[in-house]
Amino acid sequence: MITNTQTGTNIAEIAQGIYRINTPVAEIPGGFSFNQYLVVDDEPLLFHTGLRRMFPLVQEAIGHVMPVDKLRYIAFSHFESDECGALNQFLSVAPDAVPLCSRVAAMVSVGDFADRPPRAMNDGERLSIGKREIVWIDAPHIPHGWETGYLFDATTRTLFAGDIFTQGGAQNAPIVESDLVEPSDAFRVRFANPIGLPDSCAHLSDSEPIIEKLASLGATTLANMHGSAWRGSAGTAAFMLRELTRRVATTGVATAA
């Protein structure tokens, strides 16, 4: 459903009670998009807020599903503008909402930045939001950010995978079942090379335990921050996580001089 005809912002249910809010941005070469995910339950949760200037668009989209002031948690994977730029704006319209983030994020950024104290989650900590239970997974530097972590909805087996499977393009289907490794890895290389940016992914020598932790969750839906969400078998999701990480670890990005 298109929720804003001027920007093309749209919303679609990708799993039971989980809605992808998507805003395409054609100004970025090759096109790009920003996603947020609304989880509807007794204590509704928003994963990622979008950029500060996207707040009216995301708020408008949420309003097509539920009252915005009923939000209880504003969660995000790491401290970056497209993940939490509109955090305080959402806190201002949702009086019972609190930020939800990793312990490191709470300590180094969110405790100071947010207008209300955050709920800092421990690795593996579970939180009931009503009919479903969500789990926080610490994943430092996957793909970037010391404070990075992800949420897993154990009820629908949805991993809110943040930037791991970033895809380019401004017009992506809400959810796909095709391989994400090739488009994600191609975008990583293509985005950096033309303008001499460093690789957006950390090249870790010890990422395997973190990836195995994510792979072992048994996710069958991947709620990605940029591009399409994905659904398929848990085995395929685990393979894609391992393969993309292997490529990042073994293939650098040669930036322009």
# chains A, B, ... in the order shown; residues from 1 in each chain; ligands from 1
$ residues_around --residues "Cys84 of chain A" --least-positions-apart "6" --cutoff "7 Å" --atoms "only C-alpha atoms" --output "PyMOL selection string"
chain A and resi 48-51+76
$ write_last_selection --atoms "N, CA and C atoms" --output "compact mmCIF listing (two decimals), in the first residue's frame"
# COMPACT_ATOMS: atom_id res chain seq x y z
N HIS A 48 14.05 0.36 13.80
CA HIS A 48 14.59 1.46 13.00
C HIS A 48 13.55 2.57 12.85
N THR A 49 14.03 3.79 12.93
CA THR A 49 13.14 4.95 12.84
C THR A 49 13.19 5.63 11.48
N GLY A 50 14.26 5.40 10.73
CA GLY A 50 14.50 6.20 9.55
C GLY A 50 15.22 7.48 9.91
N LEU A 51 15.68 8.18 8.90
CA LEU A 51 16.34 9.47 9.10
C LEU A 51 15.40 10.47 9.77
N PHE A 76 16.64 -0.42 17.48
CA PHE A 76 17.51 -0.23 16.33
C PHE A 76 18.79 -1.02 16.53
$ residues_around --residues "Tyr150 of chain A" --least-positions-apart "5" --cutoff "10 Å" --atoms "only C-alpha atoms" --output "MDAnalysis selection string"
chainID A and resid 47 75:78 101:102 123 135:140 142 159:162 214
$ select_by_dssp --residues "segment 74-208 of chain A" --states "strand (DSSP E)" --output "PyMOL selection string"
chain A and resi 74-75+98-102+119-121+126-128+133-138+149-153+158-162+175-176
$ select_by_dssp --residues "segment 15-210 of chain A" --states "alpha helix (DSSP H)" --output "PyMOL selection string"
chain A and resi 55-63+81-84+87-93+103-105+111-113+181-192+208-210
$ atom_distance --atom1 "atom CA of Lys70 of chain A" --atom2 "atom CA of Pro44 of chain A"
6.9 Å
$ closest_atom_pairs --of "segment 87-189 of chain A" --to "segment 232-239 of chain A" --cutoff "10 Å" --atoms "only C-alpha atoms" --output "tab-separated table"
residue	atom	partner	partner_atom	distance
A:Arg157	CA	A:Ala234	CA	8.9
A:Leu159	CA	A:Ala237	CA	9.8
A:Val176	CA	A:Gly232	CA	8.7
A:Glu177	CA	A:Gly232	CA	5.9
A:Ser178	CA	A:Gly232	CA	8.5
A:Asp179	CA	A:Thr236	CA	8.7
A:Leu180	CA	A:Ala237	CA	9.3
A:Val181	CA	A:Phe239	CA	9.4
$ write_last_selection --atoms "N, CA, C and O atoms" --output "short mmCIF file (atom, residue, chain, number, x, y, z; two decimals), in the first residue's frame"
data_model
loop_
_atom_site.label_atom_id
_atom_site.label_comp_id
_atom_site.auth_asym_id
_atom_site.auth_seq_id
_atom_site.Cartn_x
_atom_site.Cartn_y
_atom_site.Cartn_z
N ARG A 157 9.83 -16.36 13.53
CA ARG A 157 11.19 -16.71 13.08
C ARG A 157 11.73 -15.65 12.11
O ARG A 157 12.31 -15.94 11.08
N LEU A 159 14.29 -12.55 11.61
CA LEU A 159 15.50 -11.87 12.07
C LEU A 159 15.49 -10.47 11.48
O LEU A 159 15.45 -10.29 10.26
N VAL A 176 11.16 -11.08 -1.06
CA VAL A 176 11.58 -11.97 -2.15
C VAL A 176 12.01 -13.31 -1.56
O VAL A 176 12.21 -13.44 -0.35
N GLU A 177 12.17 -14.29 -2.44
CA GLU A 177 12.66 -15.60 -2.03
C GLU A 177 13.95 -15.96 -2.76
O GLU A 177 14.45 -17.08 -2.62
N SER A 178 14.49 -15.01 -3.51
CA SER A 178 15.69 -15.24 -4.29
C SER A 178 16.95 -14.98 -3.47
O SER A 178 16.90 -14.42 -2.36
N ASP A 179 18.10 -15.37 -4.00
CA ASP A 179 19.38 -15.21 -3.32
C ASP A 179 19.67 -13.73 -3.03
O ASP A 179 19.43 -12.86 -3.87
N LEU A 180 20.19 -13.46 -1.83
CA LEU A 180 20.55 -12.09 -1.47
C LEU A 180 22.06 -11.87 -1.45
O LEU A 180 22.51 -10.72 -1.36
N VAL A 181 22.84 -12.93 -1.54
CA VAL A 181 24.29 -12.78 -1.45
C VAL A 181 24.83 -11.97 -2.61
O VAL A 181 25.58 -11.00 -2.42
#
$ closest_atom_pairs --of "segment 78-176 of chain A" --to "segment 182-188 of chain A" --cutoff "10 Å" --atoms "only C-alpha atoms" --output "CSV"
residue,atom,partner,partner_atom,distance
A:Asp163,CA,A:Ser184,CA,9.6
A:Ile164,CA,A:Ser184,CA,8.1
A:Phe165,CA,A:Ser184,CA,5.4
A:Thr166,CA,A:Ser184,CA,5.3
A:Gln167,CA,A:Ser184,CA,5.0
A:Gly168,CA,A:Phe187,CA,6.0
A:Gly169,CA,A:Phe187,CA,9.3
$ atom_distance --atom1 "atom CA of Pro99 of chain A" --atom2 "atom CA of Thr158 of chain A"
20.1 Å
$ residues_around --residues "Leu71 of chain A" --least-positions-apart "2" --cutoff "7 Å" --atoms "only C-alpha atoms" --output "PDB file with N, CA and C atoms, in the first residue's frame"
ATOM      1  N   GLU A  43       2.436  -4.797  23.077  1.00  0.00           N
ATOM      2  CA  GLU A  43       3.379  -3.697  23.260  1.00  0.00           C
ATOM      3  C   GLU A  43       4.135  -3.504  21.943  1.00  0.00           C
ATOM      4  N   PRO A  44       3.569  -2.742  21.022  1.00  0.00           N
ATOM      5  CA  PRO A  44       4.122  -2.647  19.669  1.00  0.00           C
ATOM      6  C   PRO A  44       5.562  -2.115  19.660  1.00  0.00           C
ATOM      7  N   LEU A  45       6.298  -2.583  18.674  1.00  0.00           N
ATOM      8  CA  LEU A  45       7.724  -2.245  18.549  1.00  0.00           C
ATOM      9  C   LEU A  45       8.006  -1.755  17.135  1.00  0.00           C
ATOM     10  N   VAL A  68       0.053   5.703  16.322  1.00  0.00           N
ATOM     11  CA  VAL A  68       1.483   5.839  16.596  1.00  0.00           C
ATOM     12  C   VAL A  68       1.748   5.973  18.090  1.00  0.00           C
ATOM     13  N   ASP A  69       0.831   6.596  18.813  1.00  0.00           N
ATOM     14  CA  ASP A  69       1.085   6.828  20.238  1.00  0.00           C
ATOM     15  C   ASP A  69       1.027   5.552  21.078  1.00  0.00           C
ATOM     16  N   TYR A  73       8.141   0.257  22.181  1.00  0.00           N
ATOM     17  CA  TYR A  73       9.594   0.143  22.037  1.00  0.00           C
ATOM     18  C   TYR A  73      10.025   0.714  20.696  1.00  0.00           C
ATOM     19  N   ALA A  94       4.915   9.151  21.191  1.00  0.00           N
ATOM     20  CA  ALA A  94       4.550   7.890  21.835  1.00  0.00           C
ATOM     21  C   ALA A  94       4.997   7.968  23.296  1.00  0.00           C
ATOM     22  N   ALA A  97       6.727   4.965  25.054  1.00  0.00           N
ATOM     23  CA  ALA A  97       7.793   4.258  24.333  1.00  0.00           C
ATOM     24  C   ALA A  97       9.151   4.520  24.968  1.00  0.00           C
TER      25      ALA A  97
END
$ atom_distance --atom1 "atom CA of Trp146 of chain A" --atom2 "atom CA of Leu38 of chain A"
24.8 Å
